[in-house]
>>> print(open('final_15.cif').read())   # mmCIF, C-alpha atoms
data_target
loop_
_atom_site.label_atom_id
_atom_site.label_comp_id
_atom_site.auth_asym_id
_atom_site.auth_seq_id
_atom_site.Cartn_x
_atom_site.Cartn_y
_atom_site.Cartn_z
CA MET A 15 0.00 0.00 0.00
CA THR A 16 1.42 3.39 -1.00
CA ALA A 17 1.64 6.37 1.34
CA THR A 18 -1.10 8.11 -0.65
CA GLN A 19 -3.45 5.13 -0.34
CA ARG A 20 -2.73 4.89 3.38
CA ALA A 21 -3.45 8.59 3.87
CA HIS A 22 -6.71 8.24 1.91
CA ARG A 23 -7.86 5.31 4.06
CA GLN A 24 -6.99 7.13 7.27
CA GLY A 25 -8.75 10.28 6.08
CA THR A 26 -11.82 8.27 5.11
CA LEU A 27 -11.93 6.69 8.57
CA TYR A 28 -11.68 10.08 10.25
CA MET A 29 -14.49 11.47 8.12
CA LEU A 30 -16.75 8.47 8.78
CA LEU A 31 -16.29 9.16 12.49
CA VAL A 32 -17.12 12.83 11.88
CA ILE A 33 -20.31 11.89 10.03
CA ALA A 34 -21.42 9.63 12.88
CA ILE A 35 -20.59 12.21 15.58
CA TRP A 36 -22.16 15.19 13.81
CA GLY A 37 -25.15 13.21 12.60
CA ALA A 38 -26.10 12.23 16.15
CA PHE A 39 -25.25 15.62 17.66
CA LEU A 40 -28.58 17.40 17.26
CA PRO A 41 -30.84 14.57 18.51
CA VAL A 42 -28.57 14.14 21.55
CA ALA A 43 -28.41 17.89 22.22
CA LYS A 44 -32.21 18.08 21.96
CA SER A 45 -32.41 15.59 24.82
CA ALA A 46 -29.86 17.53 26.91
CA LEU A 47 -31.91 20.71 26.50
CA ARG A 48 -34.71 19.12 28.54
CA GLU A 49 -32.63 19.81 31.66
CA VAL A 50 -29.93 22.34 30.73
CA ASP A 51 -30.80 25.63 29.01
CA PRO A 52 -29.02 26.79 25.80
CA TYR A 53 -26.78 29.32 27.56
CA TRP A 54 -25.28 26.96 30.13
CA LEU A 55 -25.05 24.14 27.62
CA THR A 56 -23.12 26.43 25.26
CA LEU A 57 -20.82 27.55 28.10
CA MET A 58 -20.09 23.98 29.21
CA ARG A 59 -19.58 22.81 25.64
CA PHE A 60 -17.17 25.45 24.43
CA GLY A 61 -15.56 26.22 27.80
CA THR A 62 -14.34 22.63 27.96
CA ALA A 63 -13.36 22.62 24.29
CA ALA A 64 -11.33 25.83 24.73
CA LEU A 65 -9.23 24.28 27.51
CA VAL A 66 -8.57 21.15 25.44
CA PHE A 67 -7.59 23.12 22.34
CA LEU A 68 -5.30 25.47 24.26
CA VAL A 69 -3.44 22.48 25.70
CA LEU A 70 -3.29 20.86 22.27
CA LEU A 71 -1.97 24.08 20.72
CA GLY A 72 0.74 24.41 23.35
CA VAL A 73 1.84 20.79 22.93
CA ARG A 74 1.79 20.73 19.11
CA GLU A 75 3.00 24.22 18.23
CA GLY A 76 4.57 25.62 21.39
CA ARG A 77 3.44 28.04 24.07
CA ASP A 78 4.50 31.01 21.97
CA LYS A 79 1.60 30.26 19.60
CA ILE A 80 -0.88 30.97 22.40
CA SER A 81 -0.80 34.59 21.35
CA THR A 82 -3.12 36.71 19.22
CA GLU A 83 -0.19 38.76 17.86
CA GLY A 84 -2.02 42.02 18.50
CA GLN A 85 -5.22 40.81 16.82
CA SER A 86 -7.23 40.23 20.00
CA TRP A 87 -10.23 42.31 18.95
CA LYS A 88 -10.48 40.65 15.57
CA ILE A 89 -10.21 37.13 16.96
CA LEU A 90 -12.68 38.09 19.73
CA ILE A 91 -15.29 39.18 17.17
CA PHE A 92 -14.96 35.99 15.13
CA GLY A 93 -14.89 33.91 18.33
CA ILE A 94 -18.14 35.50 19.49
CA CYS A 95 -19.71 34.74 16.10
CA GLY A 96 -18.46 31.15 15.91
CA PHE A 97 -19.08 30.07 19.47
CA ALA A 98 -21.35 32.47 21.40
CA GLY A 99 -23.61 33.46 18.51
CA PHE A 100 -23.60 30.05 16.88
CA GLY A 101 -23.98 28.03 20.08
CA VAL A 102 -26.78 30.01 21.72
CA SER A 103 -28.76 30.52 18.50
CA LEU A 104 -28.47 26.84 17.58
CA PHE A 105 -29.62 25.54 20.95
CA GLU A 106 -32.39 28.13 21.32
CA GLY A 107 -33.63 27.15 17.86
CA LEU A 108 -33.27 23.45 18.52
CA ARG A 109 -35.61 23.73 21.49
CA LEU A 110 -38.33 24.95 19.10
CA THR A 111 -37.81 22.75 16.06
CA ARG A 112 -36.81 19.21 15.11
CA PRO A 113 -33.20 17.98 14.94
CA GLU A 114 -33.48 16.66 11.38
CA ILE A 115 -34.83 20.00 10.11
CA SER A 116 -31.99 21.79 11.91
CA ALA A 117 -29.48 19.45 10.30
CA MET A 118 -30.74 20.28 6.81
CA ILE A 119 -30.57 24.03 7.54
CA LEU A 120 -26.98 23.73 8.78
CA ALA A 121 -26.12 21.67 5.70
CA LEU A 122 -26.53 24.82 3.61
CA GLY A 123 -23.24 26.20 4.97
CA PRO A 124 -21.32 25.63 1.70
CA ILE A 125 -24.08 27.41 -0.23
CA GLN A 126 -23.89 30.40 2.13
CA MET A 127 -20.12 30.55 1.72
CA ALA A 128 -20.44 30.53 -2.07
CA LEU A 129 -22.97 33.38 -1.92
CA VAL A 130 -20.79 35.41 0.47
CA GLN A 131 -17.74 34.92 -1.75
CA TRP A 132 -19.84 36.04 -4.72
CA TRP A 133 -20.84 39.20 -2.84
CA ARG A 134 -17.31 39.93 -1.60
CA THR A 135 -15.43 39.33 -4.84
CA HIS A 136 -18.18 40.29 -7.32
CA ARG A 137 -17.13 37.15 -9.17
CA ARG A 138 -20.17 35.11 -10.12
CA PRO A 139 -20.00 31.32 -9.65
CA ASP A 140 -20.13 29.24 -12.82
CA ASN A 141 -23.50 28.20 -14.21
CA PHE A 142 -23.42 24.72 -12.69
CA THR A 143 -22.76 26.04 -9.18
CA GLN A 144 -25.51 28.64 -9.58
CA ALA A 145 -27.94 25.91 -10.62
CA MET A 146 -26.97 23.77 -7.60
CA ILE A 147 -27.41 26.74 -5.26
CA ALA A 148 -30.92 27.32 -6.61
CA LEU A 149 -31.74 23.60 -6.40
CA ALA A 150 -30.49 23.37 -2.80
CA LEU A 151 -32.59 26.37 -1.77
CA ILE A 152 -35.70 24.86 -3.40
CA GLY A 153 -35.07 21.59 -1.59
CA GLU A 154 -34.58 23.42 1.72
CA LEU A 155 -37.89 25.21 1.23
CA LEU A 156 -39.62 21.83 0.79
CA VAL A 157 -37.94 20.47 3.93
CA VAL A 158 -38.96 23.41 6.10
CA THR A 159 -42.52 23.77 4.78
CA SER A 160 -43.40 20.22 3.64
CA GLY A 161 -44.98 21.98 0.67
CA GLU A 162 -47.14 24.29 2.83
CA LEU A 163 -45.80 27.85 2.63
CA ALA A 164 -47.91 28.87 5.64
CA ARG A 165 -45.35 27.04 7.81
CA LEU A 166 -42.85 29.81 7.10
CA THR A 167 -44.72 32.03 9.55
CA GLY A 168 -46.05 29.54 12.09
CA GLY A 169 -45.22 26.45 14.05
CA ASP A 170 -41.47 25.86 13.95
CA ALA A 171 -40.71 29.10 12.07
CA LEU A 172 -38.95 30.83 14.99
CA GLY A 173 -36.86 27.75 15.75
CA ASN A 174 -35.89 27.32 12.11
CA GLY A 175 -35.02 31.01 11.89
CA LEU A 176 -32.72 30.79 14.90
CA VAL A 177 -30.97 27.73 13.46
CA PHE A 178 -30.53 29.63 10.19
CA LEU A 179 -29.08 32.55 12.17
CA ALA A 180 -26.68 30.09 13.81
CA SER A 181 -25.57 28.89 10.38
CA LEU A 182 -24.86 32.50 9.36
CA PHE A 183 -22.74 33.00 12.47
CA TRP A 184 -20.77 29.85 11.63
CA THR A 185 -20.27 30.94 8.02
CA ALA A 186 -18.89 34.30 9.22
CA TYR A 187 -16.58 32.49 11.64
CA THR A 188 -15.36 30.04 8.99
CA LEU A 189 -14.61 32.77 6.46
CA GLY A 190 -12.94 34.80 9.21
CA GLY A 191 -10.23 32.18 9.42
CA GLN A 192 -8.94 33.44 6.05
CA GLN A 193 -7.82 36.66 7.73
CA PHE A 194 -5.18 34.93 9.84
CA ALA A 195 -2.59 33.94 7.27
CA GLY A 196 -0.01 31.51 8.58
CA TRP A 197 -2.14 30.31 11.48
CA SER A 198 -2.91 26.62 11.68
CA PRO A 199 -6.54 25.45 12.06
CA VAL A 200 -5.74 24.36 15.62
CA ARG A 201 -4.41 27.80 16.53
CA TYR A 202 -7.38 29.65 15.03
CA THR A 203 -9.80 27.26 16.75
CA ALA A 204 -8.08 27.40 20.14
CA LEU A 205 -7.72 31.18 20.35
CA SER A 206 -11.11 32.03 18.84
CA CYS A 207 -12.89 29.50 21.05
CA SER A 208 -11.12 30.82 24.16
CA LEU A 209 -11.96 34.46 23.48
CA GLY A 210 -15.42 33.48 22.25
CA CYS A 211 -16.12 32.10 25.70
CA ILE A 212 -16.02 35.71 26.96
CA GLY A 213 -19.04 36.40 24.77
CA ILE A 214 -20.74 33.23 26.02
CA ALA A 215 -20.13 34.26 29.67
CA VAL A 216 -21.63 37.70 28.99
CA ALA A 217 -24.67 36.10 27.32
CA VAL A 218 -25.11 33.75 30.29
CA PHE A 219 -24.91 36.66 32.75
CA ILE A 220 -27.43 38.79 30.85
CA ALA A 221 -29.85 35.90 30.32
CA THR A 222 -29.60 34.91 33.99
CA GLN A 223 -30.24 38.46 35.18
CA ALA A 224 -33.24 38.66 32.85
CA GLY A 225 -34.65 35.42 34.27
CA HIS A 226 -34.31 33.65 30.92
CA SER A 227 -31.54 31.32 32.10
CA GLN A 228 -30.51 29.61 35.30
CA PRO A 229 -27.60 27.35 36.22
CA PRO A 230 -28.48 23.65 36.15
CA SER A 231 -28.75 21.81 39.43
CA ALA A 232 -26.70 18.74 40.26
CA ALA A 233 -29.79 16.58 39.76
CA GLN A 234 -30.34 18.04 36.28
CA LEU A 235 -26.73 17.40 35.30
CA VAL A 236 -26.93 13.81 36.50
CA ALA A 237 -30.20 13.27 34.62
CA VAL A 238 -28.60 14.05 31.24
CA TRP A 239 -24.92 13.35 31.89
CA PRO A 240 -24.52 10.96 28.90
CA GLU A 241 -25.99 13.60 26.57
CA LEU A 242 -23.77 16.28 28.11
CA ALA A 243 -20.66 14.10 27.80
CA TYR A 244 -21.44 13.42 24.15
CA THR A 245 -22.15 17.08 23.36
CA VAL A 246 -19.19 18.48 25.27
CA PHE A 247 -16.49 15.93 24.46
CA CYS A 248 -17.49 13.86 21.41
CA VAL A 249 -18.88 16.74 19.33
CA SER A 250 -16.90 19.75 20.51
CA VAL A 251 -13.52 18.06 20.95
CA PHE A 252 -13.25 14.79 19.04
CA GLY A 253 -15.54 15.91 16.20
CA ILE A 254 -13.36 18.93 15.47
CA LEU A 255 -10.11 16.98 15.92
CA PHE A 256 -11.23 14.22 13.55
CA TRP A 257 -12.41 16.87 11.08
CA ASN A 258 -9.01 18.61 11.10
CA MET A 259 -7.19 15.29 10.69
CA GLY A 260 -9.53 14.26 7.87
CA VAL A 261 -8.98 17.56 6.05
CA ALA A 262 -5.21 17.12 6.41
CA LYS A 263 -5.38 13.65 4.81
CA LEU A 264 -8.02 14.25 2.12
CA GLY A 265 -8.07 17.99 1.50
CA PRO A 266 -10.97 20.37 2.27
CA ILE A 267 -13.04 19.63 -0.84
CA SER A 268 -13.07 15.84 -0.41
CA ALA A 269 -13.64 16.22 3.35
CA GLY A 270 -16.57 18.52 2.65
CA LEU A 271 -18.10 15.83 0.45
CA PHE A 272 -18.21 13.45 3.43
CA ALA A 273 -19.69 16.13 5.70
CA ASN A 274 -22.70 16.44 3.39
CA PHE A 275 -23.89 13.04 4.61
CA ALA A 276 -24.21 13.99 8.31
CA PRO A 277 -27.94 14.96 7.94
CA VAL A 278 -28.63 11.44 6.65
CA ILE A 279 -27.62 10.08 10.07
CA THR A 280 -29.86 12.64 11.76
CA TYR A 281 -32.84 11.57 9.64
CA LEU A 282 -32.16 7.88 10.30
CA ILE A 283 -32.14 8.58 14.05
CA ALA A 284 -35.44 10.46 13.75
CA ILE A 285 -36.99 7.52 11.90
CA ALA A 286 -35.62 5.09 14.50
CA GLN A 287 -37.26 7.23 17.20
CA GLY A 288 -40.62 6.79 15.49
CA ARG A 289 -40.97 9.97 13.48
CA ARG A 290 -42.11 9.51 9.89
CA PRO A 291 -41.18 12.48 7.67
CA ASP A 292 -43.74 13.05 4.91
CA ALA A 293 -42.90 12.48 1.27
CA VAL A 294 -42.45 16.18 0.43
CA GLU A 295 -40.00 16.72 3.30
CA LEU A 296 -37.96 13.65 2.33
CA ALA A 297 -37.95 14.71 -1.31
CA GLY A 298 -36.66 18.13 -0.27
CA ALA A 299 -33.91 16.54 1.84
CA VAL A 300 -32.84 14.38 -1.10
CA ILE A 301 -32.80 17.42 -3.40
CA VAL A 302 -30.59 19.36 -0.96
CA LEU A 303 -28.13 16.48 -0.58
CA VAL A 304 -27.96 15.82 -4.32
CA ALA A 305 -27.30 19.52 -4.99
CA LEU A 306 -24.59 19.75 -2.33
CA ILE A 307 -22.86 16.55 -3.39
CA ALA A 308 -23.05 17.40 -7.09
CA ASN A 309 -21.55 20.84 -6.49
CA ASN A 310 -18.82 19.36 -4.30
CA LEU A 311 -17.87 16.88 -7.01
CA HIS A 312 -17.95 19.70 -9.56
CA GLN A 313 -15.60 21.83 -7.44
CA ARG A 314 -13.26 18.87 -6.94
CA ALA A 315 -13.12 18.26 -10.70
CA LYS A 316 -12.32 21.96 -11.28
CA ALA A 317 -9.56 21.81 -8.64
CA HIS A 318 -8.03 18.76 -10.36
CA GLN A 319 -8.12 20.55 -13.72
CA VAL A 320 -6.38 23.60 -12.28
CA GLY A 321 -3.79 21.35 -10.65
CA ALA A 322 -3.15 19.54 -13.90
CA VAL A 323 -2.67 22.82 -15.77
CA THR A 324 -0.21 24.22 -13.23
CA LYS A 325 2.00 21.10 -13.25
#
>>> encode(input="final_15.cif", output="structure tokens")
Amino acid sequence: MTATQRAHRQGTLYMLLVIAIWGAFLPVAKSALREVDPYWLTLMRFGTAALVFLVLLGVREGRDKISTEGQSWKILIFGICGFAGFGVSLFEGLRLTRPEISAMILALGPIQMALVQWWRTHRRPDNFTQAMIALALIGELLVVTSGELARLTGGDALGNGLVFLASLFWTAYTLGGQQFAGWSPVRYTALSCSLGCIGIAVAVFIATQAGHSQPPSAAQLVAVWPELAYTVFCVSVFGILFWNMGVAKLGPISAGLFANFAPVITYLIAIAQGRRPDAVELAGAVIVLVALIANNLHQRAKAHQVGAVTK
């Protein structure tokens, strides 16, 4: 077996683990929210992750890398977007809507990034990518409404809107990483997560003072400790670590192709729990996945063509 084949197999294994972890994340977090509110769950999740990533950064790259190099305000803003804004909005929305719907909304991240890049660079995506963006948005509309447009203003609308807001926060955070040239993914994650926890702490304080949040009791923590352990450690630590290792072995485009399948796991869990999505919703989910996967394969083919030309 060649080194390339070995790296591909290792990367594939890492991404399969990522799919399993991320696919189960929302159903598990939904259960945890029965006892722990979104603010404290976000604080526990990312507070623990920040400590782990800071230690990892110090061990892998040296203590001198635990420095913002005079960019504290910039990394603070992106950290607040990626961890405080994303975490609280996602969990607040998840309390009001279903995990599988949330998964499909979050799956639109690559589409959002393409649209933002279009807006920033004024460089229009090629015709195929534009068609896949339109197709994905149509599919998402079917998922959220099940073919009934009235659902856009009632029922789960607020929850879906908050999850969509969370996805926008994450897109801003992801694109923000491009402003720190020379920083490794571990360094950007560790420092942004650590400073982002300041925003989470402020949100917890304000929500607590307003009576919208309260610290969980020991009994509540014990009642959902498996869900908390999964959310805090498996998703926030191992999920990100496996993702970074998978990207290093396969490259971001191929890794992104695997990530598109995470909502499939979420839907399978929903079906196993007894929920039966209607035909329109399932058709919309299939349309979204087909559009995302097709565009990913298209982008990978373009990258290979560019690589072949430059050799």
>>> resolve_selection(input="final_15.cif", expression="the PyMOL selection byres ((chain A and resi 127) around 12)", output="list in words")
Leu120, Ala121, Leu122, Gly123, Pro124, Ile125, Gln126, Ala128, Leu129, Val130, Gln131, Trp132, Trp133, Arg134, Thr135, Pro139, Ile147, Ser181, Leu182, Phe183, Trp184, Thr185, Ala186, Tyr187, Thr188, Leu189 and Gly190 of chain A
>>> residues_around(input="final_15.cif", residues="region 176-180 of chain A", least_positions_apart="3", cutoff="6 Å", atoms="all atoms listed in the file", output="PyMOL selection string")
chain A and resi 100+103-104+107+173+183
>>> resolve_selection(input="final_15.cif", expression="the PyMOL selection byres ((chain A and resi 72-85) around 12)", output="PyMOL selection string")
chain A and resi 64-71+86-93+193-206+208-209
>>> resolve_selection(input="final_15.cif", expression="the PyMOL selection byres ((chain A and resi 112) around 10)", output="VMD selection string")
chain A and resid 40 to 41 44 107 to 111 113 to 117 170 173 to 174 284
>>> atom_distance(input="final_15.cif", atom1="CA of Ala262 (chain A)", atom2="CA of His22 (chain A)")
10.1 Å
>>> atom_distance(input="final_15.cif", atom1="CA of Leu311 (chain A)", atom2="CA of Ile33 (chain A)")
17.9 Å
>>> residues_around(input="final_15.cif", residues="Leu31 (chain A)", least_positions_apart="2", cutoff="10 Å", atoms="all atoms listed in the file", output="NGL selection string")
:A and (25-29 or 33-37 or 252-253 or 256-257 or 260)
>>> decode(input="final_15.cif", residues="region 66-83 of chain A", atoms="N, CA and C atoms", output="short mmCIF file (atom, residue, chain, number, x, y, z; two decimals), in the first residue's frame")
data_model
loop_
_atom_site.label_atom_id
_atom_site.label_comp_id
_atom_site.auth_asym_id
_atom_site.auth_seq_id
_atom_site.Cartn_x
_atom_site.Cartn_y
_atom_site.Cartn_z
N VAL A 66 -9.21 22.26 26.16
CA VAL A 66 -8.57 21.15 25.44
C VAL A 66 -7.75 21.68 24.27
N PHE A 67 -8.29 22.61 23.52
CA PHE A 67 -7.59 23.12 22.34
C PHE A 67 -6.38 23.97 22.70
N LEU A 68 -6.45 24.70 23.82
CA LEU A 68 -5.30 25.47 24.26
C LEU A 68 -4.15 24.54 24.64
N VAL A 69 -4.47 23.46 25.34
CA VAL A 69 -3.44 22.48 25.70
C VAL A 69 -2.86 21.85 24.44
N LEU A 70 -3.73 21.47 23.52
CA LEU A 70 -3.29 20.86 22.27
C LEU A 70 -2.40 21.82 21.48
N LEU A 71 -2.77 23.10 21.44
CA LEU A 71 -1.97 24.08 20.72
C LEU A 71 -0.59 24.22 21.34
N GLY A 72 -0.55 24.28 22.67
CA GLY A 72 0.74 24.41 23.35
C GLY A 72 1.63 23.22 23.12
N VAL A 73 1.05 22.02 23.11
CA VAL A 73 1.84 20.79 22.93
C VAL A 73 2.33 20.67 21.50
N ARG A 74 1.45 20.94 20.53
CA ARG A 74 1.79 20.73 19.11
C ARG A 74 2.64 21.85 18.52
N GLU A 75 2.35 23.10 18.90
CA GLU A 75 3.00 24.22 18.23
C GLU A 75 3.84 25.09 19.15
N GLY A 76 3.78 24.84 20.45
CA GLY A 76 4.57 25.62 21.39
C GLY A 76 3.76 26.70 22.08
N ARG A 77 4.17 27.04 23.30
CA ARG A 77 3.44 28.04 24.07
C ARG A 77 3.43 29.42 23.41
N ASP A 78 4.44 29.70 22.61
CA ASP A 78 4.50 31.01 21.97
C ASP A 78 3.36 31.23 20.99
N LYS A 79 2.72 30.13 20.54
CA LYS A 79 1.60 30.26 19.60
C LYS A 79 0.30 30.61 20.32
N ILE A 80 0.31 30.57 21.65
CA ILE A 80 -0.88 30.97 22.40
C ILE A 80 -0.84 32.49 22.55
N SER A 81 -0.88 33.14 21.42
CA SER A 81 -0.80 34.59 21.35
C SER A 81 -1.62 35.06 20.15
N THR A 82 -2.31 36.17 20.32
CA THR A 82 -3.12 36.71 19.22
C THR A 82 -2.32 37.64 18.32
N GLU A 83 -1.07 37.90 18.66
CA GLU A 83 -0.19 38.76 17.86
C GLU A 83 -0.82 40.13 17.59
#
